[in-house]
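Asker: The structure file protein_9.txt (compact mmCIF, C-alpha atoms) is provided below.
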# COMPACT_ATOMS: atom_id res chain seq x y z
CA MET A 1 -12.74 1.94 3.82
CA ILE A 2 -15.56 -0.01 2.26
CA ASP A 3 -18.97 1.22 1.11
CA LEU A 4 -21.41 1.25 4.05
CA ARG A 5 -24.31 0.65 1.69
CA LEU A 6 -22.63 -2.51 0.43
CA LEU A 7 -22.02 -3.59 4.02
CA ARG A 8 -25.71 -3.17 4.85
CA GLU A 9 -26.85 -5.00 1.70
CA ASP A 10 -24.42 -7.92 1.99
CA PRO A 11 -23.00 -8.21 5.52
CA ASP A 12 -22.18 -11.89 4.98
CA ARG A 13 -19.60 -10.93 2.37
CA ALA A 14 -17.89 -8.64 4.87
CA ARG A 15 -18.03 -11.35 7.55
CA ALA A 16 -16.51 -13.87 5.14
CA SER A 17 -13.77 -11.38 4.25
CA GLN A 18 -12.90 -10.79 7.89
CA ARG A 19 -12.88 -14.52 8.52
CA ALA A 20 -10.58 -15.10 5.54
CA ARG A 21 -8.20 -12.43 6.83
CA GLY A 22 -8.14 -14.06 10.25
CA GLU A 23 -9.57 -10.90 11.78
CA ASP A 24 -12.48 -10.07 14.07
CA VAL A 25 -15.78 -11.05 12.44
CA ALA A 26 -17.76 -9.40 15.25
CA LEU A 27 -16.46 -6.04 14.00
CA VAL A 28 -18.95 -6.26 11.13
CA ASP A 29 -21.94 -6.54 13.47
CA SER A 30 -20.63 -3.78 15.73
CA LEU A 31 -20.30 -1.57 12.66
CA LEU A 32 -23.80 -2.41 11.44
CA SER A 33 -25.20 -1.57 14.88
CA ALA A 34 -23.34 1.75 15.03
CA ASP A 35 -24.47 2.60 11.51
CA GLU A 36 -28.10 1.89 12.43
CA ARG A 37 -27.79 4.20 15.46
CA ARG A 38 -26.17 6.84 13.25
CA ARG A 39 -28.99 6.72 10.72
CA SER A 40 -31.85 6.56 13.26
CA SER A 41 -30.38 9.40 15.35
CA GLY A 42 -29.97 11.41 12.15
CA VAL A 43 -33.64 10.88 11.29
CA ARG A 44 -34.69 11.91 14.80
CA PHE A 45 -32.50 15.02 14.62
CA ASP A 46 -34.04 16.01 11.26
CA GLU A 47 -37.57 15.47 12.59
CA LEU A 48 -36.93 17.57 15.70
CA ARG A 49 -35.29 20.34 13.66
CA ALA A 50 -38.29 20.41 11.30
CA GLU A 51 -40.63 20.63 14.30
CA GLN A 52 -38.48 23.37 15.77
CA ARG A 53 -38.63 25.42 12.55
CA SER A 54 -42.42 24.99 12.31
CA LEU A 55 -42.82 26.09 15.92
CA GLY A 56 -40.61 29.10 15.29
CA LYS A 57 -43.04 30.29 12.61
CA LEU A 58 -46.05 29.99 14.96
CA ILE A 59 -44.64 31.97 17.88
CA PRO A 60 -44.76 35.48 16.31
CA LYS A 61 -48.43 34.97 15.33
CA ALA A 62 -49.57 33.54 18.67
CA SER A 63 -51.59 35.38 21.30
CA ALA A 64 -49.97 36.27 24.58
CA ASP A 65 -51.38 33.21 26.36
CA GLU A 66 -50.44 30.85 23.51
CA LYS A 67 -46.99 32.39 23.14
CA ALA A 68 -45.96 31.48 26.69
CA GLU A 69 -46.89 27.84 26.10
CA LEU A 70 -45.17 27.80 22.72
CA LEU A 71 -41.99 29.32 24.16
CA LYS A 72 -41.96 26.64 26.83
CA LYS A 73 -42.31 23.98 24.15
CA ALA A 74 -39.61 25.67 22.08
CA SER A 75 -37.22 25.55 25.02
CA GLN A 76 -37.80 21.82 25.43
CA LEU A 77 -37.42 21.28 21.69
CA ALA A 78 -34.10 23.12 21.70
CA ALA A 79 -32.85 20.79 24.43
CA ASP A 80 -34.11 17.76 22.50
CA VAL A 81 -32.45 18.96 19.28
CA LYS A 82 -29.17 19.48 21.10
CA ALA A 83 -29.35 15.98 22.62
CA ALA A 84 -30.24 14.41 19.28
CA ASP A 85 -27.37 16.23 17.59
CA ALA A 86 -24.95 14.94 20.23
CA GLU A 87 -26.31 11.41 19.85
CA ARG A 88 -25.97 11.65 16.07
CA ALA A 89 -22.38 12.93 16.32
CA GLU A 90 -21.43 10.19 18.79
CA ALA A 91 -22.93 7.45 16.60
CA ASP A 92 -21.25 8.89 13.51
CA ALA A 93 -17.86 9.01 15.25
CA GLU A 94 -18.25 5.41 16.41
CA THR A 95 -19.26 4.32 12.90
CA GLN A 96 -16.26 6.01 11.34
CA GLU A 97 -13.88 4.58 13.93
CA LEU A 98 -15.15 1.03 13.34
CA LEU A 99 -15.15 1.55 9.58
CA GLN A 100 -11.48 2.55 9.69
CA ARG A 101 -10.68 -0.76 11.39
CA LEU A 102 -12.39 -2.92 8.78
CA GLY A 103 -10.10 -4.25 6.05
CA ASN A 104 -10.91 -4.19 2.34
CA LEU A 105 -13.20 -6.91 1.06
CA VAL A 106 -11.10 -9.86 -0.09
CA HIS A 107 -11.52 -10.82 -3.74
CA PRO A 108 -13.37 -14.16 -4.03
CA ASP A 109 -10.50 -15.78 -5.98
CA VAL A 110 -7.90 -15.10 -3.28
CA PRO A 111 -6.61 -18.30 -1.62
CA VAL A 112 -7.71 -18.47 2.02
CA GLY A 113 -5.08 -18.89 4.72
CA GLY A 114 -1.88 -17.49 6.15
CA GLU A 115 1.52 -16.54 4.78
CA GLU A 116 2.35 -20.04 3.51
CA ASP A 117 -1.03 -20.69 1.88
CA PHE A 118 -0.31 -18.78 -1.34
CA VAL A 119 -0.89 -20.31 -4.77
CA THR A 120 1.94 -20.36 -7.33
CA LEU A 121 0.63 -19.02 -10.65
CA GLU A 122 3.74 -18.98 -12.85
CA THR A 123 7.48 -19.67 -12.81
CA HIS A 124 10.01 -17.97 -15.08
CA GLY A 125 13.68 -18.50 -15.86
CA THR A 126 16.07 -21.32 -14.99
CA ILE A 127 17.62 -21.86 -11.58
CA ARG A 128 21.38 -22.29 -11.95
CA ASP A 129 23.04 -25.51 -10.85
CA PHE A 130 26.18 -24.14 -9.23
CA GLY A 131 27.34 -27.64 -8.33
CA ALA A 132 27.36 -28.57 -12.01
CA GLU A 133 29.35 -25.41 -12.68
CA GLY A 134 31.93 -26.52 -10.14
CA PHE A 135 31.66 -23.93 -7.37
CA GLU A 136 29.69 -23.09 -4.25
CA PRO A 137 27.71 -19.83 -4.57
CA LYS A 138 28.65 -16.97 -2.27
CA ASP A 139 25.98 -14.96 -0.51
CA HIS A 140 25.32 -11.35 -1.48
CA LEU A 141 27.17 -9.95 1.51
CA GLU A 142 30.40 -11.79 0.70
CA LEU A 143 30.06 -10.81 -2.94
CA GLY A 144 29.37 -7.22 -1.92
CA GLN A 145 32.59 -7.16 0.08
CA ILE A 146 34.60 -8.73 -2.76
CA LEU A 147 33.24 -6.11 -5.17
CA GLY A 148 33.65 -3.23 -2.71
CA ALA A 149 29.91 -2.67 -3.07
CA ILE A 150 28.32 -3.17 0.37
CA ASP A 151 29.50 -2.10 3.83
CA VAL A 152 27.19 -3.21 6.64
CA GLU A 153 29.79 -2.92 9.42
CA ARG A 154 30.12 0.82 9.01
CA GLY A 155 26.39 1.07 8.43
CA ALA A 156 25.87 -0.48 11.87
CA LYS A 157 28.57 1.77 13.38
CA VAL A 158 26.93 4.91 12.03
CA SER A 159 23.23 4.06 12.37
CA GLY A 160 22.74 0.66 14.02
CA SER A 161 21.64 -2.76 12.86
CA ARG A 162 19.84 -3.16 9.50
CA PHE A 163 21.58 -0.10 8.03
CA TYR A 164 24.26 -0.20 5.34
CA PHE A 165 26.38 1.74 2.90
CA LEU A 166 26.39 1.03 -0.82
CA THR A 167 29.90 1.90 -1.96
CA GLY A 168 31.69 2.14 -5.28
CA VAL A 169 30.07 -0.14 -7.81
CA GLY A 170 27.29 -0.88 -5.31
CA ALA A 171 26.19 2.76 -5.41
CA LEU A 172 26.49 2.75 -9.21
CA LEU A 173 24.39 -0.43 -9.36
CA GLU A 174 21.60 1.24 -7.39
CA LEU A 175 21.62 4.25 -9.69
CA ALA A 176 21.59 1.96 -12.73
CA LEU A 177 18.62 0.00 -11.37
CA VAL A 178 16.66 3.17 -10.59
CA ASN A 179 17.37 4.73 -13.98
CA ALA A 180 16.52 1.54 -15.86
CA ALA A 181 13.31 1.08 -13.87
CA ILE A 182 12.22 4.67 -14.43
CA ALA A 183 13.03 4.30 -18.15
CA GLN A 184 10.79 1.21 -18.40
CA ALA A 185 7.98 2.93 -16.47
CA THR A 186 8.21 6.08 -18.59
CA ALA A 187 8.11 4.03 -21.79
CA ALA A 188 4.94 2.37 -20.45
CA GLY A 189 3.28 5.76 -19.96
CA PHE A 190 3.93 6.40 -16.27
CA THR A 191 4.71 9.93 -15.09
CA PRO A 192 7.99 9.90 -13.11
CA MET A 193 7.61 11.39 -9.62
CA LEU A 194 10.03 12.30 -6.83
CA THR A 195 7.85 12.18 -3.74
CA PRO A 196 8.01 13.50 -0.15
CA ALA A 197 9.39 11.08 2.43
CA LEU A 198 7.42 12.76 5.24
CA VAL A 199 3.62 12.84 5.23
CA ARG A 200 0.80 13.98 7.49
CA PRO A 201 -1.26 11.50 9.53
CA GLN A 202 -4.23 11.84 7.14
CA SER A 203 -2.09 10.62 4.25
CA MET A 204 -0.71 7.66 6.18
CA ALA A 205 -4.09 6.65 7.62
CA GLY A 206 -5.82 7.16 4.28
CA THR A 207 -3.66 4.56 2.59
CA GLY A 208 -4.22 2.07 5.41
CA PHE A 209 -0.78 2.11 7.03
CA LEU A 210 -1.85 3.12 10.54
CA GLY A 211 -3.80 -0.06 11.21
CA GLN A 212 -2.12 -3.44 11.37
CA ALA A 213 1.08 -1.99 9.83
CA ALA A 214 1.45 0.81 12.41
CA GLN A 215 4.18 -1.04 14.32
CA ASP A 216 6.50 -0.72 11.31
CA VAL A 217 5.98 3.02 10.81
CA TYR A 218 8.38 5.74 12.00
CA HIS A 219 6.63 8.75 13.57
CA LEU A 220 8.17 12.15 14.32
CA ASP A 221 6.29 13.19 17.45
CA LYS A 222 7.49 16.80 17.45
CA ASP A 223 6.17 17.45 13.95
CA ASP A 224 3.36 14.86 13.84
CA LEU A 225 4.72 13.58 10.54
CA TYR A 226 5.37 10.03 9.37
CA LEU A 227 8.29 8.65 7.39
CA VAL A 228 6.84 6.69 4.49
CA GLY A 229 7.50 2.98 4.09
CA THR A 230 6.71 3.28 0.38
CA SER A 231 5.98 6.07 -2.08
CA GLU A 232 2.54 4.46 -2.43
CA VAL A 233 1.55 6.74 0.47
CA PRO A 234 2.31 10.15 -1.09
CA LEU A 235 1.23 8.90 -4.53
CA ALA A 236 -2.15 7.81 -3.13
CA ALA A 237 -2.57 11.10 -1.26
CA TYR A 238 -1.45 13.17 -4.28
CA HIS A 239 -5.07 13.56 -5.43
CA MET A 240 -6.61 13.61 -1.94
CA ASP A 241 -9.87 15.61 -1.77
CA GLU A 242 -10.03 15.90 -5.56
CA ILE A 243 -12.56 14.99 -8.24
CA ILE A 244 -10.92 13.67 -11.43
CA ASP A 245 -12.68 13.72 -14.80
CA ALA A 246 -13.13 10.21 -16.19
CA ASP A 247 -11.49 11.10 -19.51
CA LYS A 248 -8.20 11.70 -17.63
CA LEU A 249 -8.08 8.10 -16.40
CA PRO A 250 -6.04 6.02 -16.11
CA LEU A 251 -3.52 8.15 -14.23
CA ARG A 252 -0.22 6.33 -13.73
CA TYR A 253 2.73 7.52 -11.65
CA ALA A 254 6.16 6.00 -11.04
CA GLY A 255 7.48 7.32 -7.74
CA PHE A 256 11.09 7.13 -6.57
CA SER A 257 11.66 7.64 -2.87
CA PRO A 258 13.53 6.50 0.20
CA CYS A 259 11.47 4.10 2.31
CA PHE A 260 11.65 3.62 6.07
CA ARG A 261 10.44 0.59 8.01
CA ARG A 262 10.94 -0.39 11.62
CA GLU A 263 10.63 -4.09 10.76
CA ALA A 264 9.25 -4.46 14.27
CA GLY A 265 7.69 -7.84 13.56
CA SER A 266 10.79 -9.36 11.98
CA HIS A 267 13.18 -9.86 14.91
CA GLY A 268 15.71 -12.49 13.94
CA LYS A 269 14.62 -12.57 10.28
CA ASP A 270 17.13 -11.72 7.56
CA THR A 271 19.49 -9.97 9.95
CA LYS A 272 22.50 -10.64 7.72
CA GLY A 273 23.16 -8.38 4.77
CA ILE A 274 20.74 -6.00 3.07
CA PHE A 275 17.65 -8.10 2.33
CA ARG A 276 15.57 -6.68 5.20
CA VAL A 277 16.65 -3.18 6.25
CA HIS A 278 15.27 -0.04 7.91
CA GLN A 279 15.96 2.31 5.00
CA PHE A 280 16.02 1.63 1.28
CA ASP A 281 15.14 3.20 -2.06
CA LYS A 282 12.34 2.01 -4.30
CA VAL A 283 10.61 2.72 -7.60
CA GLU A 284 6.86 2.26 -7.13
CA MET A 285 4.11 2.20 -9.75
CA PHE A 286 0.73 3.68 -8.80
CA SER A 287 -2.50 3.77 -10.82
CA TYR A 288 -5.85 5.55 -10.58
CA VAL A 289 -8.56 3.84 -12.67
CA THR A 290 -12.32 3.34 -12.72
CA PRO A 291 -13.49 0.53 -10.40
CA GLU A 292 -14.51 -1.54 -13.43
CA ASP A 293 -10.94 -1.44 -14.77
CA SER A 294 -9.11 -2.32 -11.55
CA GLN A 295 -8.71 -6.05 -12.18
CA ALA A 296 -7.40 -5.47 -15.71
CA GLU A 297 -5.01 -2.80 -14.39
CA HIS A 298 -3.84 -5.25 -11.75
CA GLN A 299 -2.81 -7.66 -14.50
CA ARG A 300 -1.07 -4.83 -16.36
CA LEU A 301 0.98 -3.90 -13.28
CA LEU A 302 1.93 -7.54 -12.81
CA ALA A 303 2.98 -7.74 -16.47
CA TRP A 304 5.27 -4.71 -16.03
CA GLU A 305 6.85 -6.33 -12.95
CA LYS A 306 7.41 -9.56 -14.88
CA GLN A 307 8.93 -7.57 -17.75
CA TRP A 308 11.35 -5.93 -15.32
CA LEU A 309 12.48 -9.13 -13.61
CA SER A 310 12.82 -10.90 -16.95
CA ALA A 311 15.00 -8.03 -18.23
CA LEU A 312 17.23 -8.55 -15.17
CA GLU A 313 17.48 -12.23 -16.22
CA LEU A 314 16.37 -13.47 -12.81
CA PRO A 315 14.56 -16.75 -12.13
CA PHE A 316 11.30 -15.92 -10.38
CA ARG A 317 7.78 -17.09 -9.65
CA VAL A 318 4.44 -15.30 -9.34
CA ILE A 319 2.22 -16.09 -6.37
CA ASP A 320 -1.37 -15.25 -5.49
CA VAL A 321 -1.00 -14.05 -1.90
CA ALA A 322 -3.28 -15.69 0.67
CA SER A 323 -6.02 -13.73 2.43
CA GLY A 324 -4.30 -13.55 5.81
CA ASP A 325 -1.21 -11.94 4.29
CA LEU A 326 -2.85 -9.22 2.16
CA GLY A 327 -2.63 -6.12 4.31
CA SER A 328 -5.75 -4.14 5.13
CA SER A 329 -5.94 -2.10 1.89
CA ALA A 330 -5.60 -4.86 -0.67
CA ALA A 331 -8.47 -6.89 -2.08
CA ARG A 332 -5.94 -9.03 -3.95
CA LYS A 333 -2.16 -9.10 -4.18
CA PHE A 334 0.36 -10.81 -6.46
CA ASP A 335 4.02 -11.16 -5.46
CA CYS A 336 6.96 -11.83 -7.75
CA GLU A 337 9.57 -13.80 -5.84
CA ALA A 338 13.11 -14.21 -7.13
CA TRP A 339 15.22 -17.27 -6.46
CA ILE A 340 18.00 -16.59 -3.92
CA PRO A 341 20.64 -19.31 -4.40
CA THR A 342 22.28 -19.26 -0.96
CA GLN A 343 18.88 -19.38 0.74
CA GLY A 344 17.62 -22.11 -1.58
CA LYS A 345 14.21 -20.50 -1.91
CA TYR A 346 12.20 -17.81 -3.60
CA ARG A 347 11.93 -14.43 -1.84
CA GLU A 348 9.66 -11.47 -2.55
CA LEU A 349 11.12 -8.83 -4.85
CA THR A 350 8.01 -7.07 -6.13
CA SER A 351 4.36 -6.93 -5.14
CA THR A 352 1.24 -5.48 -6.73
CA SER A 353 -2.06 -4.83 -4.96
CA ASP A 354 -5.56 -3.99 -6.15
CA CYS A 355 -6.97 -1.73 -3.44
CA THR A 356 -10.28 -1.19 -5.30
CA GLU A 357 -12.11 1.81 -3.74
CA PHE A 358 -10.69 1.30 -0.24
CA GLN A 359 -8.07 4.08 -0.30
CA SER A 360 -10.03 6.52 -2.44
CA ARG A 361 -12.94 6.50 0.03
CA ARG A 362 -10.59 7.23 2.92
CA LEU A 363 -8.77 9.96 0.99
CA SER A 364 -11.90 11.37 -0.70
CA ILE A 365 -10.69 10.88 -4.27
CA ARG A 366 -13.51 10.61 -6.78
CA VAL A 367 -14.13 10.35 -10.50
CA ARG A 368 -16.66 12.46 -12.44
CA GLU A 369 -18.50 10.64 -15.23
CA GLY A 370 -21.06 13.02 -16.69
CA LYS A 371 -23.26 14.01 -13.76
CA GLN A 372 -22.19 11.03 -11.64
CA ILE A 373 -19.43 11.41 -9.05
CA ARG A 374 -18.15 8.31 -7.28
CA PRO A 375 -14.97 6.82 -5.72
CA LEU A 376 -12.36 5.47 -8.11
CA ALA A 377 -9.94 2.54 -7.69
CA THR A 378 -6.25 2.71 -6.75
CA LEU A 379 -3.54 0.12 -7.35
CA ASN A 380 0.14 -0.09 -6.54
CA GLY A 381 3.04 -2.20 -7.73
CA THR A 382 6.70 -2.35 -6.81
CA LEU A 383 8.91 -2.01 -9.85
CA CYS A 384 12.28 -2.06 -8.10
CA ALA A 385 13.01 -2.36 -4.37
CA VAL A 386 16.72 -1.67 -4.68
CA PRO A 387 18.49 -3.68 -1.93
CA ARG A 388 16.56 -6.90 -2.53
CA THR A 389 17.11 -6.56 -6.26
CA ILE A 390 20.84 -6.12 -5.68
CA VAL A 391 20.80 -9.28 -3.53
CA ALA A 392 19.13 -11.25 -6.33
CA ILE A 393 21.44 -9.89 -9.04
CA LEU A 394 24.66 -10.54 -7.13
CA GLU A 395 23.72 -14.07 -6.11
CA ASN A 396 22.17 -15.23 -9.38
CA HIS A 397 24.73 -13.66 -11.70
CA GLN A 398 27.90 -14.39 -9.74
CA GLN A 399 30.89 -16.11 -11.34
CA ALA A 400 33.40 -18.47 -9.75
CA ASP A 401 36.03 -15.72 -9.36
CA GLY A 402 33.68 -13.43 -7.43
CA SER A 403 32.82 -11.24 -10.41
CA VAL A 404 29.18 -10.63 -11.34
CA TYR A 405 27.59 -10.67 -14.79
CA VAL A 406 25.66 -7.47 -15.62
CA PRO A 407 22.27 -7.95 -17.34
CA GLU A 408 22.12 -6.15 -20.66
CA VAL A 409 19.31 -3.81 -19.53
CA LEU A 410 21.62 -2.25 -16.92
CA ARG A 411 24.74 -1.84 -19.04
CA PRO A 412 23.87 1.58 -20.54
CA TYR A 413 23.60 2.91 -16.99
CA LEU A 414 26.90 1.34 -15.87
CA GLY A 415 29.16 2.79 -18.53
CA GLY A 416 28.80 -0.29 -20.70
CA ARG A 417 30.14 -2.69 -18.06
CA GLU A 418 29.38 -6.31 -18.83
CA VAL A 419 30.89 -7.61 -15.58
CA LEU A 420 31.38 -6.21 -12.08
CA GLU A 421 34.94 -7.05 -11.12
CA PRO A 422 36.38 -7.73 -7.65
CA VAL A 423 38.29 -4.79 -6.24
CA ALA A 424 42.02 -5.03 -5.52
CA ARG A 425 42.59 -5.82 -1.86
Please express what this file holds, its structure, as structure tokens.
Answerer:
Amino acid sequence: MIDLRLLREDPDRARASQRARGEDVALVDSLLSADERRRSSGVRFDELRAEQRSLGKLIPKASADEKAELLKKASQLAADVKAADAERAEADAETQELLQRLGNLVHPDVPVGGEEDFVTLETHGTIRDFGAEGFEPKDHLELGQILGAIDVERGAKVSGSRFYFLTGVGALLELALVNAAIAQATAAGFTPMLTPALVRPQSMAGTGFLGQAAQDVYHLDKDDLYLVGTSEVPLAAYHMDEIIDADKLPLRYAGFSPCFRREAGSHGKDTKGIFRVHQFDKVEMFSYVTPEDSQAEHQRLLAWEKQWLSALELPFRVIDVASGDLGSSAARKFDCEAWIPTQGKYRELTSTSDCTEFQSRRLSIRVREGKQIRPLATLNGTLCAVPRTIVAILENHQQADGSVYVPEVLRPYLGGREVLEPVAR
């Protein structure tokens, strides 16, 4: 959530942010109105309580005649205090409910618009000309079958559509990717973490995933627990309700976890293969920093993502995601999109978001600097979303005979293999 004081001081900024997101601008004024009622009812409650306490001191000293009148007044005051308390509680609940619905304030440099209104910041690598090499590229699913690496038919038989098995060298490739990603993150100073896949509602709501993203979240009604769509959720909630000393910042974690997504809003999109699935594994970077350092940390996370994709020898571009495609928690987001040859376009492989103080306010995570205690900033960045990375590797590094070149960074984790060979049929 955002700072209510900032909202009161500069409501136009919040209105502009809502407008840029394509969301309800009137929410800002409703929130301001509720906040005013909350504060005024709080003042009235405090005044009545003070009057009640003063009256309570007079009653024991009053004469018999005065005491009767004072007791009558005390009875009325008690009723007024109770009513004021109820009014204060109602206004506070309304304020908090509206505040939870308001997205983070969009950074002023974010391009305004929808999904296609991003700005390309950089491009890296060279897109292969398969025609010049004399063969038509195969898609990742065909390559996965040739290599004995991917089985979506049995995945669908066992679990339904958008599920899959990684088999043989496919399973080994996932393990190699995860180990290489964790090795890079550890070398950069991240603490490796294996995180819970099930979290309480407070954790999910605190990171902003029960708002506009709620349709993609799996909920276990019997236990009132949520399956995470990213380890960002447990990593953000890891320090929930804590105060962290400033000299311990930055705190950086690299979480490995399974991720679960309904993909409710993606009917008909990427139904073939393993690009968009309901369950996948991911290595996620997560940082806690002071608010003043969040933009610099955002660039550092992006640099680590670029380092990773470059090590995989993939052609990719970096985009500045447009305001309407940010997600409620992010003030700014950069995506790294790898070229997918058989689709003839770039597709998202990694993403990094600066959530400023939005999540820390919701999760009550603060930093202590001397005598000052205030919210800190949180940021997240995908290092390796496994299935999509496998798609990009298979398609970009395929050879005419169906074999696949192995980037050097992965070879130590694949027994020294330089090439993934087709399996005997």
Asker: Which residues of range 197-303 of chain A sit at most 10 Å from range 141-148 of chain A, using only C-alpha atoms? Give each one's shortest atom pair and distance in Å (one decimal place), in chain and ascending residue order, as CSV.
Answerer:
residue,atom,partner,partner_atom,distance
A:Lys272,CA,A:Leu141,CA,7.8
A:Gly273,CA,A:Leu141,CA,5.4
A:Ile274,CA,A:Leu141,CA,7.7
A:Phe275,CA,A:Leu141,CA,9.7
Asker: Each residue of range 348-421 of chain A lying at most 10 Å from range 104-115 of chain A should get a row with its shortest atom-to-atom pair and the distance in Å to one decimal, counting all atoms listed in the file; could you produce that, ordered by chain and increasing number, as JSON lines?
Answerer:
{"residue": "A:Asp354", "atom": "CA", "partner": "A:His107", "partner_atom": "CA", "distance": 9.4}
{"residue": "A:Cys355", "atom": "CA", "partner": "A:Asn104", "partner_atom": "CA", "distance": 7.4}
{"residue": "A:Thr356", "atom": "CA", "partner": "A:Asn104", "partner_atom": "CA", "distance": 8.2}
{"residue": "A:Glu357", "atom": "CA", "partner": "A:Asn104", "partner_atom": "CA", "distance": 8.6}
{"residue": "A:Phe358", "atom": "CA", "partner": "A:Asn104", "partner_atom": "CA", "distance": 6.1}
{"residue": "A:Gln359", "atom": "CA", "partner": "A:Asn104", "partner_atom": "CA", "distance": 9.1}
Asker: Just write the chosen residues, C-alpha atoms, as a PDB file, in the frame of the given file.
Answerer:
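Full text of result21.pdb as output:
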ATOM      1  CA  ASP A 354      -5.560  -3.990  -6.150  1.00  0.00           C
ATOM      2  CA  CYS A 355      -6.970  -1.730  -3.440  1.00  0.00           C
ATOM      3  CA  THR A 356     -10.280  -1.190  -5.300  1.00  0.00           C
ATOM      4  CA  GLU A 357     -12.110   1.810  -3.740  1.00  0.00           C
ATOM      5  CA  PHE A 358     -10.690   1.300  -0.240  1.00  0.00           C
ATOM      6  CA  GLN A 359      -8.070   4.080  -0.300  1.00  0.00           C
TER       7      GLN A 359
END
Asker: Which polymer residues have any atom within 8 Å of an atom of Leu235 in chain A, counting only C-alpha atoms, with same-chain residues fewer than 4 positions away left out, as a PyMOL selection string?
Answerer: chain A and resi 195+231+239+253+255+286
Asker: Of the candidates A:Met193, A:Pro258, A:Glu408, A:Val277, which one gets nearest to Ser159 in chain A if we count all atoms listed in the file?
Answerer: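 Checking each candidate against Ser159 in chain A, we get A:Val277 as the closest.
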Asker: Name the closest residue to Ser203 in chain A among the candidates A:Arg21, A:Lys306, A:Arg362, A:Arg154; distances are taken between atoms, counting only C-alpha atoms.
Answerer: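 Using only C-alpha atoms, the shortest distance to Ser203 in chain A belongs to A:Arg362.
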Asker: Which residues, written as an mmCIF file with C-alpha atoms, keeping the file's coordinate frame, have at least one atom at most 8 Å from range 314-329 of chain A, with all atoms listed in the file counted and residues fewer than 4 positions away on the same chain left out?
Answerer:
data_model
loop_
_atom_site.group_PDB
_atom_site.id
_atom_site.type_symbol
_atom_site.label_atom_id
_atom_site.label_comp_id
_atom_site.auth_asym_id
_atom_site.auth_seq_id
_atom_site.Cartn_x
_atom_site.Cartn_y
_atom_site.Cartn_z
ATOM 1 C CA ALA A 20 -10.580 -15.100 5.540
ATOM 2 C CA ARG A 21 -8.200 -12.430 6.830
ATOM 3 C CA GLY A 22 -8.140 -14.060 10.250
ATOM 4 C CA LEU A 102 -12.390 -2.920 8.780
ATOM 5 C CA GLY A 103 -10.100 -4.250 6.050
ATOM 6 C CA ASN A 104 -10.910 -4.190 2.340
ATOM 7 C CA VAL A 106 -11.100 -9.860 -0.090
ATOM 8 C CA VAL A 110 -7.900 -15.100 -3.280
ATOM 9 C CA PRO A 111 -6.610 -18.300 -1.620
ATOM 10 C CA VAL A 112 -7.710 -18.470 2.020
ATOM 11 C CA GLY A 113 -5.080 -18.890 4.720
ATOM 12 C CA GLY A 114 -1.880 -17.490 6.150
ATOM 13 C CA GLU A 115 1.520 -16.540 4.780
ATOM 14 C CA GLU A 116 2.350 -20.040 3.510
ATOM 15 C CA ASP A 117 -1.030 -20.690 1.880
ATOM 16 C CA PHE A 118 -0.310 -18.780 -1.340
ATOM 17 C CA VAL A 119 -0.890 -20.310 -4.770
ATOM 18 C CA THR A 120 1.940 -20.360 -7.330
ATOM 19 C CA LEU A 121 0.630 -19.020 -10.650
ATOM 20 C CA GLU A 122 3.740 -18.980 -12.850
ATOM 21 C CA THR A 123 7.480 -19.670 -12.810
ATOM 22 C CA HIS A 124 10.010 -17.970 -15.080
ATOM 23 C CA GLY A 125 13.680 -18.500 -15.860
ATOM 24 C CA THR A 126 16.070 -21.320 -14.990
ATOM 25 C CA ILE A 127 17.620 -21.860 -11.580
ATOM 26 C CA THR A 207 -3.660 4.560 2.590
ATOM 27 C CA GLY A 208 -4.220 2.070 5.410
ATOM 28 C CA GLY A 211 -3.800 -0.060 11.210
ATOM 29 C CA GLN A 212 -2.120 -3.440 11.370
ATOM 30 C CA ALA A 213 1.080 -1.990 9.830
ATOM 31 C CA LEU A 309 12.480 -9.130 -13.610
ATOM 32 C CA SER A 310 12.820 -10.900 -16.950
ATOM 33 C CA LYS A 333 -2.160 -9.100 -4.180
ATOM 34 C CA PHE A 334 0.360 -10.810 -6.460
ATOM 35 C CA ASP A 335 4.020 -11.160 -5.460
ATOM 36 C CA CYS A 336 6.960 -11.830 -7.750
ATOM 37 C CA GLU A 337 9.570 -13.800 -5.840
ATOM 38 C CA ALA A 338 13.110 -14.210 -7.130
ATOM 39 C CA TRP A 339 15.220 -17.270 -6.460
ATOM 40 C CA TYR A 346 12.200 -17.810 -3.600
ATOM 41 C CA CYS A 355 -6.970 -1.730 -3.440
ATOM 42 C CA PHE A 358 -10.690 1.300 -0.240
ATOM 43 C CA GLN A 359 -8.070 4.080 -0.300
ATOM 44 C CA ALA A 392 19.130 -11.250 -6.330
ATOM 45 C CA ILE A 393 21.440 -9.890 -9.040
ATOM 46 C CA ASN A 396 22.170 -15.230 -9.380
#
Asker: Considering only C-alpha atoms, state which residue in the set A:Glu51, A:Glu66, A:Glu9, A:Asp281 is at the smallest distance from Val81 in chain A.
Answerer: A:Glu51
Asker: Using all atoms listed in the file, can you tell me which of A:Gly370, A:Pro375, A:Pro412, A:Pro137 comes closest to Tyr288 in chain A?
Answerer: A:Pro375
Asker: Hey, which of A:Leu7, A:Leu379, A:Val289, A:Leu227 ends up closest to Ala331 in chain A? Count all atoms listed in the file.
Answerer: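 Comparing A:Leu7, A:Leu379, A:Val289, A:Leu227 against Ala331 in chain A, the winner is A:Leu379.
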Asker: Compare A:Val152, A:Leu194, A:Val169, A:Val283 by their minimum atom-to-atom distance to Thr271 in chain A, counting only C-alpha atoms, and give me the closest one.
Answerer: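 Looking at the shortest contact to Thr271 in chain A, the residue is A:Val152.
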